[in-house]
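S.K.: This is the content of data04.cif (mmCIF, C-alpha atoms):
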data_entry
loop_
_atom_site.label_atom_id
_atom_site.label_comp_id
_atom_site.auth_asym_id
_atom_site.auth_seq_id
_atom_site.Cartn_x
_atom_site.Cartn_y
_atom_site.Cartn_z
CA MET A 1 6.30 -26.39 -8.39
CA SER A 2 6.26 -28.30 -11.55
CA MET A 3 2.75 -27.10 -12.13
CA PHE A 4 3.86 -23.54 -11.64
CA THR A 5 6.76 -23.91 -13.95
CA ARG A 6 4.56 -25.56 -16.47
CA ASN A 7 2.16 -22.70 -16.17
CA GLU A 8 4.96 -20.28 -16.63
CA LYS A 9 6.10 -22.10 -19.68
CA ALA A 10 2.60 -22.06 -20.98
CA SER A 11 2.34 -18.35 -20.40
CA ASP A 12 5.71 -17.91 -22.02
CA THR A 13 4.56 -19.66 -25.11
CA ASN A 14 1.42 -17.60 -25.02
CA THR A 15 3.35 -14.39 -24.86
CA ASP A 16 5.56 -15.65 -27.62
CA GLU A 17 2.53 -16.19 -29.70
CA THR A 18 1.23 -12.76 -28.95
CA VAL A 19 4.59 -11.28 -29.66
CA ARG A 20 4.99 -13.12 -32.89
CA PRO A 21 2.68 -11.02 -35.04
CA PRO A 22 4.71 -7.85 -34.33
CA ARG A 23 7.84 -9.84 -35.04
CA GLU A 24 6.52 -10.44 -38.49
CA THR A 25 6.08 -6.76 -39.12
CA PRO A 26 9.71 -5.98 -38.30
CA ALA A 27 10.50 -8.24 -41.22
CA ALA A 28 9.32 -5.32 -43.33
CA PRO A 29 12.06 -2.78 -42.37
CA PRO A 30 14.53 -3.77 -45.05
CA ALA A 31 12.35 -2.02 -47.58
CA PRO A 32 12.13 1.35 -45.71
CA ALA A 33 15.80 1.08 -44.86
CA ALA A 34 16.53 0.71 -48.50
CA ALA A 35 14.28 3.65 -49.26
CA ARG A 36 15.91 5.86 -46.63
CA PRO A 37 19.00 6.82 -48.63
CA ALA A 38 16.73 8.03 -51.39
CA GLN A 39 15.28 10.66 -49.06
CA PRO A 40 16.97 14.04 -48.90
CA VAL A 41 19.89 14.03 -46.52
CA ALA A 42 18.90 17.26 -44.85
CA GLN A 43 15.90 16.71 -42.64
CA PRO A 44 13.25 19.37 -42.98
CA LEU A 45 13.87 22.11 -40.49
CA SER A 46 10.26 22.39 -39.56
CA ARG A 47 10.14 18.84 -38.25
CA PRO A 48 12.39 18.61 -35.25
CA SER A 49 12.84 15.28 -33.56
CA GLN A 50 10.64 16.53 -30.79
CA ALA A 51 8.31 19.49 -30.92
CA PRO A 52 9.45 21.56 -27.98
CA GLY A 53 7.02 22.63 -25.34
CA VAL A 54 9.48 24.82 -23.52
CA SER A 55 10.04 28.19 -25.10
CA VAL A 56 13.37 29.95 -25.15
CA ILE A 57 13.63 33.61 -25.97
CA SER A 58 17.31 34.05 -26.65
CA LYS A 59 19.26 37.19 -25.97
CA SER A 60 19.05 38.57 -29.48
CA LEU A 61 15.27 38.41 -29.59
CA LYS A 62 13.13 41.35 -28.67
CA ILE A 63 9.40 40.93 -28.37
CA THR A 64 7.01 43.83 -28.19
CA GLY A 65 3.66 42.44 -27.25
CA GLN A 66 2.13 39.80 -25.08
CA LEU A 67 3.33 36.28 -24.57
CA GLU A 68 1.45 33.37 -23.19
CA SER A 69 2.37 29.75 -22.78
CA THR A 70 0.90 26.79 -21.00
CA GLU A 71 4.42 25.53 -20.47
CA ASP A 72 7.71 26.93 -19.27
CA ILE A 73 9.24 30.08 -20.69
CA ARG A 74 12.85 31.09 -20.46
CA ILE A 75 13.64 34.69 -21.32
CA ASP A 76 17.18 35.80 -22.07
CA GLY A 77 16.19 38.60 -24.42
CA GLU A 78 13.97 41.58 -24.13
CA VAL A 79 10.22 41.63 -23.71
CA GLU A 80 8.02 44.68 -23.70
CA GLY A 81 4.64 43.49 -22.57
CA ASP A 82 3.04 40.93 -20.34
CA VAL A 83 4.31 37.42 -19.94
CA ARG A 84 2.15 34.51 -18.81
CA GLY A 85 3.56 31.12 -18.27
CA VAL A 86 3.68 28.26 -15.85
CA SER A 87 7.31 28.57 -14.90
CA VAL A 88 8.93 31.76 -16.11
CA THR A 89 12.69 32.19 -15.88
CA VAL A 90 14.16 35.59 -16.62
CA GLY A 91 17.83 35.03 -17.21
CA ASN A 92 20.79 37.20 -16.41
CA GLY A 93 20.90 40.12 -18.81
CA ALA A 94 17.26 39.74 -19.81
CA LYS A 95 14.83 42.58 -19.52
CA VAL A 96 11.08 42.54 -19.16
CA LYS A 97 8.91 45.61 -19.14
CA GLY A 98 5.49 44.55 -17.99
CA THR A 99 3.80 42.11 -15.72
CA VAL A 100 5.06 38.58 -15.36
CA TYR A 101 2.42 36.06 -14.31
CA GLY A 102 3.18 32.50 -13.49
CA ASN A 103 3.17 29.73 -10.97
CA ALA A 104 6.87 30.06 -10.44
CA VAL A 105 8.97 33.02 -11.47
CA GLU A 106 12.72 33.07 -11.21
CA LEU A 107 14.43 36.36 -11.83
CA ALA A 108 18.09 36.85 -12.56
CA GLY A 109 17.67 39.76 -14.93
CA THR A 110 15.63 42.92 -14.90
CA ILE A 111 11.90 43.39 -14.59
CA GLU A 112 10.27 46.77 -14.78
CA GLY A 113 6.71 46.16 -13.86
CA LYS A 114 5.12 43.55 -11.70
CA ILE A 115 5.45 39.95 -10.73
CA GLU A 116 2.37 37.98 -9.86
CA ALA A 117 3.32 34.45 -9.02
CA GLU A 118 2.86 31.79 -6.43
CA LYS A 119 6.54 31.18 -6.04
CA VAL A 120 9.05 33.94 -6.63
CA VAL A 121 12.83 33.66 -6.56
CA LEU A 122 15.03 36.73 -6.90
CA THR A 123 18.61 35.66 -7.45
CA SER A 124 21.65 37.74 -6.62
CA THR A 125 21.72 39.42 -10.03
CA ALA A 126 18.03 40.26 -10.04
CA HIS A 127 16.89 43.82 -10.57
CA MET A 128 13.24 44.27 -9.81
CA SER A 129 11.52 47.63 -10.05
CA GLY A 130 7.90 47.19 -9.19
CA ASP A 131 5.63 45.24 -6.94
CA VAL A 132 5.84 41.57 -6.26
CA LEU A 133 2.66 39.68 -5.49
CA HIS A 134 3.59 36.28 -4.21
CA ARG A 135 2.74 33.48 -1.87
CA ASP A 136 6.23 32.21 -1.37
CA ILE A 137 9.30 34.34 -1.98
CA ARG A 138 13.03 33.88 -1.79
CA ILE A 139 15.38 36.82 -2.19
CA GLU A 140 19.07 36.16 -2.41
CA SER A 141 21.67 38.56 -1.16
CA GLY A 142 22.58 41.06 -3.84
CA ALA A 143 19.15 41.27 -5.42
CA PHE A 144 17.82 44.74 -6.07
CA ILE A 145 14.19 45.38 -5.39
CA ASP A 146 12.31 48.62 -5.54
CA GLY A 147 8.68 48.01 -4.79
CA HIS A 148 6.28 46.29 -2.48
CA CYS A 149 6.40 42.62 -1.75
CA ARG A 150 2.94 41.48 -0.84
CA PRO A 151 1.93 37.94 -0.02
CA GLY A 152 -1.43 38.40 -1.69
CA TYR A 153 -1.20 36.06 -4.63
CA GLY A 154 -4.47 34.28 -5.19
CA LYS A 155 -6.42 36.80 -3.15
CA SER A 156 -8.13 40.08 -3.98
CA GLU A 157 -7.24 41.45 -7.40
CA ALA A 158 -4.64 38.85 -8.12
CA LYS A 159 -5.87 36.57 -10.82
CA PRO A 160 -4.96 32.99 -11.39
CA VAL A 161 -2.80 32.47 -14.42
CA TYR A 162 -5.54 31.19 -16.65
CA SER A 163 -8.84 32.75 -15.86
CA ALA A 164 -11.81 33.57 -17.98
CA PRO A 165 -10.93 36.68 -19.94
CA LYS A 166 -14.18 38.53 -19.32
CA PRO A 167 -14.11 39.48 -15.65
CA VAL A 168 -10.43 40.23 -15.91
CA ALA A 169 -10.94 42.49 -18.84
CA THR A 170 -13.66 44.42 -17.08
CA SER A 171 -11.53 44.83 -14.01
CA MET A 172 -8.60 46.16 -15.95
CA GLY A 173 -8.40 47.90 -19.24
CA LEU A 174 -11.57 47.34 -21.18
CA ALA A 175 -14.28 48.78 -19.06
CA ALA A 176 -12.00 51.31 -17.45
CA LYS A 177 -13.01 54.07 -19.78
CA PRO A 178 -16.78 53.62 -19.50
CA SER A 179 -16.58 53.40 -15.74
CA ASP A 180 -14.50 56.56 -15.67
CA ALA A 181 -17.10 58.27 -17.77
CA ALA A 182 -19.78 57.02 -15.41
CA LEU A 183 -17.90 58.44 -12.47
CA LYS A 184 -17.64 61.84 -14.11
CA THR A 185 -21.36 62.10 -14.93
CA MET B 1 -4.30 40.21 -48.18
CA ALA B 2 -7.08 39.98 -45.74
CA VAL B 3 -6.59 39.56 -42.08
CA PRO B 4 -9.85 37.80 -41.57
CA VAL B 5 -9.92 37.06 -37.93
CA ASN B 6 -10.60 39.64 -35.39
CA PHE B 7 -8.43 38.55 -32.54
CA ARG B 8 -9.48 41.11 -30.05
CA ASN B 9 -9.31 39.67 -26.57
CA ARG B 10 -8.17 36.40 -27.98
CA LEU B 11 -5.77 35.84 -25.17
CA ALA B 12 -6.93 35.42 -21.66
CA GLY B 13 -5.22 38.73 -21.39
CA HIS B 14 -6.04 41.72 -19.39
CA ARG B 15 -5.44 44.34 -21.93
CA ARG B 16 -7.27 44.83 -25.08
CA CYS B 17 -5.31 43.76 -28.06
CA VAL B 18 -5.03 46.13 -30.94
CA HIS B 19 -5.91 44.85 -34.33
CA TYR B 20 -2.89 43.89 -36.32
CA ARG B 21 -3.82 46.31 -39.08
CA GLN B 22 -3.52 49.14 -36.64
CA TRP B 23 -0.12 47.96 -35.54
CA ALA B 24 1.09 47.54 -39.08
CA GLY B 25 -0.18 50.95 -40.02
CA GLY B 26 0.32 53.78 -37.64
CA GLY B 27 1.41 51.90 -34.62
CA SER B 28 -0.79 53.98 -32.42
CA GLY B 29 -1.80 51.02 -30.37
CA THR B 30 -2.32 52.97 -27.24
CA ASP B 31 -4.88 51.37 -25.09
CA GLY B 32 -4.96 51.32 -21.37
CA PRO B 33 -1.76 51.54 -19.43
CA PHE B 34 0.26 49.56 -21.93
CA ILE B 35 1.53 51.68 -24.76
CA MET B 36 2.65 49.70 -27.75
CA THR B 37 4.51 51.55 -30.44
CA THR B 38 5.61 50.03 -33.68
CA PRO B 39 9.32 49.35 -33.46
CA PRO B 40 11.27 50.32 -36.58
CA LEU B 41 11.61 47.71 -39.23
CA ARG B 42 14.75 45.73 -38.69
CA THR B 43 16.22 44.69 -41.98
CA PHE B 44 18.35 41.61 -42.25
CA ARG B 45 21.77 41.17 -43.78
CA THR B 46 21.60 39.94 -47.33
CA THR B 47 24.91 38.15 -47.02
CA PRO B 48 25.03 35.25 -44.63
CA ARG B 49 27.01 36.39 -41.66
CA ASP B 50 29.65 34.32 -39.98
CA ARG B 51 27.17 33.05 -37.52
CA THR B 52 28.36 32.12 -34.12
CA ASP B 53 25.74 30.38 -32.12
CA ALA B 54 27.13 31.80 -28.93
CA GLU B 55 26.55 35.31 -30.21
CA PHE B 56 23.17 34.70 -31.77
CA PRO B 57 21.58 31.72 -30.11
CA ALA B 58 18.39 30.51 -31.68
CA SER B 59 15.12 31.32 -30.06
CA VAL B 60 12.58 28.57 -29.85
CA LEU B 61 8.94 29.25 -29.26
CA GLY B 62 7.36 25.99 -28.19
CA THR B 63 4.08 24.42 -29.14
CA ALA B 64 2.28 25.87 -26.14
CA PHE B 65 3.52 29.35 -26.83
CA THR B 66 1.34 32.20 -28.02
CA ALA B 67 2.56 35.69 -28.78
CA GLU B 68 0.97 38.80 -30.17
CA GLY B 69 3.13 41.68 -31.21
CA PHE B 70 6.50 42.35 -32.79
CA LEU B 71 9.33 39.87 -32.72
CA ASP B 72 12.76 41.16 -33.71
CA THR B 73 15.95 39.18 -33.70
CA ASP B 74 19.30 39.02 -35.48
CA GLY B 75 19.46 35.29 -35.01
CA ASP B 76 17.36 32.29 -35.76
CA LEU B 77 13.80 31.99 -34.69
CA HIS B 78 11.89 28.73 -34.53
CA ILE B 79 8.17 29.01 -34.09
CA HIS B 80 6.20 25.91 -33.18
CA GLY B 81 3.39 27.75 -31.47
CA ARG B 82 1.16 30.57 -32.48
CA VAL B 83 2.33 34.07 -33.32
CA ILE B 84 0.28 37.01 -34.47
CA GLY B 85 2.19 40.07 -35.55
CA ARG B 86 5.33 41.11 -37.35
CA VAL B 87 8.42 38.94 -37.28
CA CYS B 88 11.90 40.12 -38.24
CA ALA B 89 14.68 37.57 -38.08
CA ASP B 90 17.76 36.38 -39.86
CA ARG B 91 16.27 32.96 -40.35
CA LEU B 92 12.75 31.99 -39.52
CA VAL B 93 11.58 28.42 -39.21
CA LEU B 94 7.88 27.86 -38.82
CA GLY B 95 7.39 24.35 -37.50
CA SER B 96 4.85 22.00 -38.95
CA GLY B 97 2.47 22.65 -36.09
CA GLY B 98 3.12 26.37 -36.00
CA TYR B 99 0.79 29.16 -36.96
CA LEU B 100 1.86 32.63 -37.94
CA GLU B 101 -0.37 35.51 -38.87
CA GLY B 102 1.32 38.66 -40.08
CA ASP B 103 4.37 39.82 -41.98
CA VAL B 104 7.70 38.07 -42.01
CA ILE B 105 10.95 39.83 -42.85
CA ALA B 106 13.93 37.51 -42.91
CA ARG B 107 16.83 36.35 -45.03
CA ASP B 108 15.87 32.70 -44.95
CA VAL B 109 12.38 31.49 -44.35
CA HIS B 110 11.39 27.87 -43.93
CA ILE B 111 7.69 27.29 -43.65
CA GLY B 112 6.33 23.98 -42.47
CA GLY B 113 3.22 25.25 -40.79
CA ARG B 114 0.36 27.58 -41.48
CA LEU B 115 1.07 31.15 -42.46
CA THR B 116 -1.37 33.91 -43.20
CA GLY B 117 0.37 37.05 -44.29
CA ARG B 118 3.30 38.25 -46.28
CA ILE B 119 6.84 37.01 -46.54
CA PHE B 120 9.73 39.28 -47.47
CA ALA B 121 12.74 37.05 -47.82
CA LEU B 122 15.65 36.27 -50.10
CA ASN B 123 15.25 32.53 -49.78
CA VAL B 124 11.91 30.98 -49.13
CA THR B 125 11.35 27.28 -48.65
CA LEU B 126 7.86 25.92 -48.37
CA GLU B 127 7.91 22.41 -47.07
CA SER B 128 5.36 19.78 -47.87
CA SER B 129 3.36 20.49 -44.74
CA ALA B 130 3.19 24.22 -45.42
CA ASP B 131 -0.07 26.08 -45.80
CA VAL B 132 0.49 29.63 -46.94
CA THR B 133 -2.03 32.34 -47.70
CA GLY B 134 -0.88 35.78 -48.73
CA ARG B 135 2.11 37.05 -50.66
CA ILE B 136 5.64 35.80 -50.93
CA PHE B 137 8.16 38.47 -51.92
CA HIS B 138 11.23 36.43 -52.69
CA HIS B 139 14.44 36.17 -54.59
CA GLU B 140 14.57 32.41 -54.58
CA VAL B 141 11.70 30.18 -53.70
CA THR B 142 11.43 26.44 -53.23
CA VAL B 143 8.10 24.73 -52.93
CA GLU B 144 8.02 21.11 -51.98
CA LYS B 145 5.46 18.72 -53.32
CA GLY B 146 2.42 18.71 -51.13
CA ALA B 147 2.60 22.30 -49.96
CA ARG B 148 -0.63 24.20 -50.07
CA VAL B 149 0.02 27.68 -51.38
CA ASP B 150 -2.59 30.31 -51.97
CA ALA B 151 -0.30 33.23 -52.60
CA ARG B 152 1.20 35.51 -55.15
CA MET B 153 4.92 35.14 -55.40
CA PRO B 154 6.47 38.32 -56.73
CA TRP B 155 10.17 38.08 -57.51
CA ARG B 156 12.36 40.91 -56.27
CA PRO B 157 16.08 41.63 -56.72
CA PRO B 158 18.27 41.45 -53.62
CA SER B 159 18.48 45.24 -53.58
CA TYR B 160 14.76 45.37 -52.86
CA PHE B 161 15.30 43.57 -49.59
CA GLU B 162 18.36 45.63 -48.72
CA THR B 163 16.45 48.84 -49.06
CA LEU B 164 13.29 47.63 -47.41
CA VAL B 165 12.64 50.32 -44.86
CA GLN B 166 8.90 50.31 -44.85
CA LEU B 167 6.61 47.51 -45.80
CA PRO B 168 4.20 48.18 -48.63
CA GLU B 169 0.59 48.64 -47.72
CA PRO B 170 -1.27 45.36 -47.76
CA ARG B 171 -3.54 45.16 -50.76
CA GLN B 172 -6.84 43.41 -50.80
#
Could you render the structure from this file as structure tokens?
M.R.:
Amino acid sequence: MSMFTRNEKASDTNTDETVRPPRETPAAPPAPAAARPAQPVAQPLSRPSQAPGVSVISKSLKITGQLESTEDIRIDGEVEGDVRGVSVTVGNGAKVKGTVYGNAVELAGTIEGKIEAEKVVLTSTAHMSGDVLHRDIRIESGAFIDGHCRPGYGKSEAKPVYSAPKPVATSMGLAAKPSDAALKT
Amino acid sequence: MAVPVNFRNRLAGHRRCVHYRQWAGGGSGTDGPFIMTTPPLRTFRTTPRDRTDAEFPASVLGTAFTAEGFLDTDGDLHIHGRVIGRVCADRLVLGSGGYLEGDVIARDVHIGGRLTGRIFALNVTLESSADVTGRIFHHEVTVEKGARVDARMPWRPPSYFETLVQLPEPRQ
């Protein structure tokens, strides 16, 4: 036992020694602390304490165009265009015109368009006009839905959230016109 | 002001993106099933309104966020991600890691990130981490030490911003 305790003590002293150098650096703070009051009181707005990964589109914001995020998106405003995110929440009173892609989509507002997501939740205030492509869906009582619910997410034409742009583009908008022309000729 | 980068198909998107010039000009960005029309320019109030955060909560676009298009709000807008297009807001804050390409119309503008485009604002603050290329139409401007500014800064009276209905054509 005594050996163990001795060893422990030894290790303790060792750690103390290893800790000591940092302890010397904290001796420095007085100087920055003294310098702190000299800095402007108002912190720059552009440097928040933490750069947020989650995006919030508040109710007064209207976006016409496409959104994409590799993190969560919460929409309380209005979006005209496609939305791509990991977890997309469309809040009560929010409106989206376009396709919403994501791993998880929760709808409490209005979507006119499509949902393509692995996990879809339509809450009681949801208003969905358009198709829902899902793998796992939950519809609460009171939700409005006008469209097909198909469990085809991840199959056929459904694309994963982040795919190479090329094949997608050819399947949808870009090559549509040439192929149409080819069909006519 | 040059919009140097052609950001066609920049996103892993399905629809072809229209060049910003086209949006800013005619707004005939009709391509495929998605029809994008230029929304009318939303001018801001020149007098600070009695802001209630409940009425106009701030929008925050995170670091992982990318948007292309028109962003219009009566409240605050914080951009820490990447935005290409026109932004109208009461107060715009571009975070130090943010990137914005396009025109900004706002009452207050705080830039801490990279901006390529034009600013139309009463009060402009360029923080030390700012990197601005373009034009800054302002009434009052503050540039912190360390900011990188490659821009003309024309002064305009407040009436200019009140009567701003259409943005001037971008000059080379």
S.K.: Using the chain letters and numbers from the file, which residues does the PyMOL selection byres ((chain A and resi 52) around 7) grab, as an MDAnalysis selection string?
M.R.: (chainID A and resid 50:51 53:54) or (chainID B and resid 62:63)
S.K.: Around (4.6, 43.3, -5.3) in the file's frame, which residues reach within 10 Å when counting all atoms listed in the file? Return as a compact mmCIF listing (two decimals) with C-alpha atoms, keeping the file's coordinate frame?
M.R.:
# COMPACT_ATOMS: atom_id res chain seq x y z
CA GLY A 113 6.71 46.16 -13.86
CA LYS A 114 5.12 43.55 -11.70
CA ILE A 115 5.45 39.95 -10.73
CA GLU A 116 2.37 37.98 -9.86
CA ALA A 117 3.32 34.45 -9.02
CA MET A 128 13.24 44.27 -9.81
CA SER A 129 11.52 47.63 -10.05
CA GLY A 130 7.90 47.19 -9.19
CA ASP A 131 5.63 45.24 -6.94
CA VAL A 132 5.84 41.57 -6.26
CA LEU A 133 2.66 39.68 -5.49
CA HIS A 134 3.59 36.28 -4.21
CA ILE A 145 14.19 45.38 -5.39
CA ASP A 146 12.31 48.62 -5.54
CA GLY A 147 8.68 48.01 -4.79
CA HIS A 148 6.28 46.29 -2.48
CA CYS A 149 6.40 42.62 -1.75
CA ARG A 150 2.94 41.48 -0.84
CA PRO A 151 1.93 37.94 -0.02
CA GLY A 152 -1.43 38.40 -1.69
CA TYR A 153 -1.20 36.06 -4.63
S.K.: Give one line per residue of chain B that approaches chain A to at most 7 Å, naming the two atoms of the closest pair and their distance in Å to one decimal, counting only C-alpha atoms; sort by chain then ascending residue number and deliver it as a tab-separated table.
M.R.:
residue	atom	partner	partner_atom	distance
B:Ala12	CA	A:Pro165	CA	4.5
B:Gly13	CA	A:Pro165	CA	6.2
B:His14	CA	A:Ala169	CA	5.0
B:Arg15	CA	A:Gly173	CA	5.4
B:Arg16	CA	A:Leu174	CA	6.3
B:Gly32	CA	A:Gly173	CA	5.3
B:Phe56	CA	A:Ser60	CA	6.1
B:Pro57	CA	A:Ser58	CA	6.0
B:Ala58	CA	A:Ser58	CA	6.2
B:Ser59	CA	A:Ser58	CA	4.9
B:Val60	CA	A:Val56	CA	5.0
B:Leu61	CA	A:Ser55	CA	4.4
B:Gly62	CA	A:Gly53	CA	4.4
B:Thr63	CA	A:Gly53	CA	5.1
B:Ala64	CA	A:Ser69	CA	5.1
B:Phe65	CA	A:Ser69	CA	4.2
B:Thr66	CA	A:Glu68	CA	5.0
B:Ala67	CA	A:Leu67	CA	4.3
B:Glu68	CA	A:Gln66	CA	5.3
B:Gly69	CA	A:Gly65	CA	4.1
B:Phe70	CA	A:Thr64	CA	4.9
B:Leu71	CA	A:Ile63	CA	4.5
B:Asp72	CA	A:Lys62	CA	5.1
B:Thr73	CA	A:Leu61	CA	4.2
B:Asp74	CA	A:Ser60	CA	6.0
B:Gly75	CA	A:Ser60	CA	6.4
B:Val93	CA	A:Ser46	CA	6.2
B:Leu94	CA	A:Ser46	CA	6.0
B:Gly95	CA	A:Ser46	CA	4.0
B:Ser96	CA	A:Ser46	CA	5.5
B:Ile111	CA	A:Ser46	CA	6.9
B:Gly112	CA	A:Ser46	CA	5.1
S.K.: Deliver the residues from the most recent selection as a file, using C-alpha atoms, as a PDB file, in the coordinates of the input.
M.R.:
ATOM      1  CA  ALA B  12      -6.930  35.420 -21.660  1.00  0.00           C
ATOM      2  CA  GLY B  13      -5.220  38.730 -21.390  1.00  0.00           C
ATOM      3  CA  HIS B  14      -6.040  41.720 -19.390  1.00  0.00           C
ATOM      4  CA  ARG B  15      -5.440  44.340 -21.930  1.00  0.00           C
ATOM      5  CA  ARG B  16      -7.270  44.830 -25.080  1.00  0.00           C
ATOM      6  CA  GLY B  32      -4.960  51.320 -21.370  1.00  0.00           C
ATOM      7  CA  PHE B  56      23.170  34.700 -31.770  1.00  0.00           C
ATOM      8  CA  PRO B  57      21.580  31.720 -30.110  1.00  0.00           C
ATOM      9  CA  ALA B  58      18.390  30.510 -31.680  1.00  0.00           C
ATOM     10  CA  SER B  59      15.120  31.320 -30.060  1.00  0.00           C
ATOM     11  CA  VAL B  60      12.580  28.570 -29.850  1.00  0.00           C
ATOM     12  CA  LEU B  61       8.940  29.250 -29.260  1.00  0.00           C
ATOM     13  CA  GLY B  62       7.360  25.990 -28.190  1.00  0.00           C
ATOM     14  CA  THR B  63       4.080  24.420 -29.140  1.00  0.00           C
ATOM     15  CA  ALA B  64       2.280  25.870 -26.140  1.00  0.00           C
ATOM     16  CA  PHE B  65       3.520  29.350 -26.830  1.00  0.00           C
ATOM     17  CA  THR B  66       1.340  32.200 -28.020  1.00  0.00           C
ATOM     18  CA  ALA B  67       2.560  35.690 -28.780  1.00  0.00           C
ATOM     19  CA  GLU B  68       0.970  38.800 -30.170  1.00  0.00           C
ATOM     20  CA  GLY B  69       3.130  41.680 -31.210  1.00  0.00           C
ATOM     21  CA  PHE B  70       6.500  42.350 -32.790  1.00  0.00           C
ATOM     22  CA  LEU B  71       9.330  39.870 -32.720  1.00  0.00           C
ATOM     23  CA  ASP B  72      12.760  41.160 -33.710  1.00  0.00           C
ATOM     24  CA  THR B  73      15.950  39.180 -33.700  1.00  0.00           C
ATOM     25  CA  ASP B  74      19.300  39.020 -35.480  1.00  0.00           C
ATOM     26  CA  GLY B  75      19.460  35.290 -35.010  1.00  0.00           C
ATOM     27  CA  VAL B  93      11.580  28.420 -39.210  1.00  0.00           C
ATOM     28  CA  LEU B  94       7.880  27.860 -38.820  1.00  0.00           C
ATOM     29  CA  GLY B  95       7.390  24.350 -37.500  1.00  0.00           C
ATOM     30  CA  SER B  96       4.850  22.000 -38.950  1.00  0.00           C
ATOM     31  CA  ILE B 111       7.690  27.290 -43.650  1.00  0.00           C
ATOM     32  CA  GLY B 112       6.330  23.980 -42.470  1.00  0.00           C
TER      33      GLY B 112
END
S.K.: If you measure from CA of Val96 (chain A) to CA of Tyr99 (chain B), what distance in Å do you get, rounded to one decimal?
M.R.: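 Straight-line distance from CA of Val96 (chain A) to CA of Tyr99 (chain B) works out to 24.5 Å.
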S.K.: How would you write as a PyMOL selection string the residues that get within 6 Å of (9.0, 38.3, -42.2) in the file's frame, counting all atoms listed in the file?
M.R.: chain B and resi 87-88+103-106+119-120
S.K.: To one decimal place, how far is CA of Ile79 (chain B) from CA of Leu100 (chain B) in Å?
M.R.: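 The value is 8.2 Å.
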S.K.: Please identify all polymer residues within 12 Å of region 149-166 of chain B, counting all atoms listed in the file, omitting same-chain residues fewer than 3 positions from it, and present them as number ranges by chain.
M.R.: B: 1-2, 24-26, 38-47, 88, 103, 105-108, 111-146, 169-171
S.K.: For the atom pair CA of Arg86 (chain B) and CA of Thr37 (chain B), what is the interatomic distance in Å to one decimal place?
M.R.: 12.5 Å
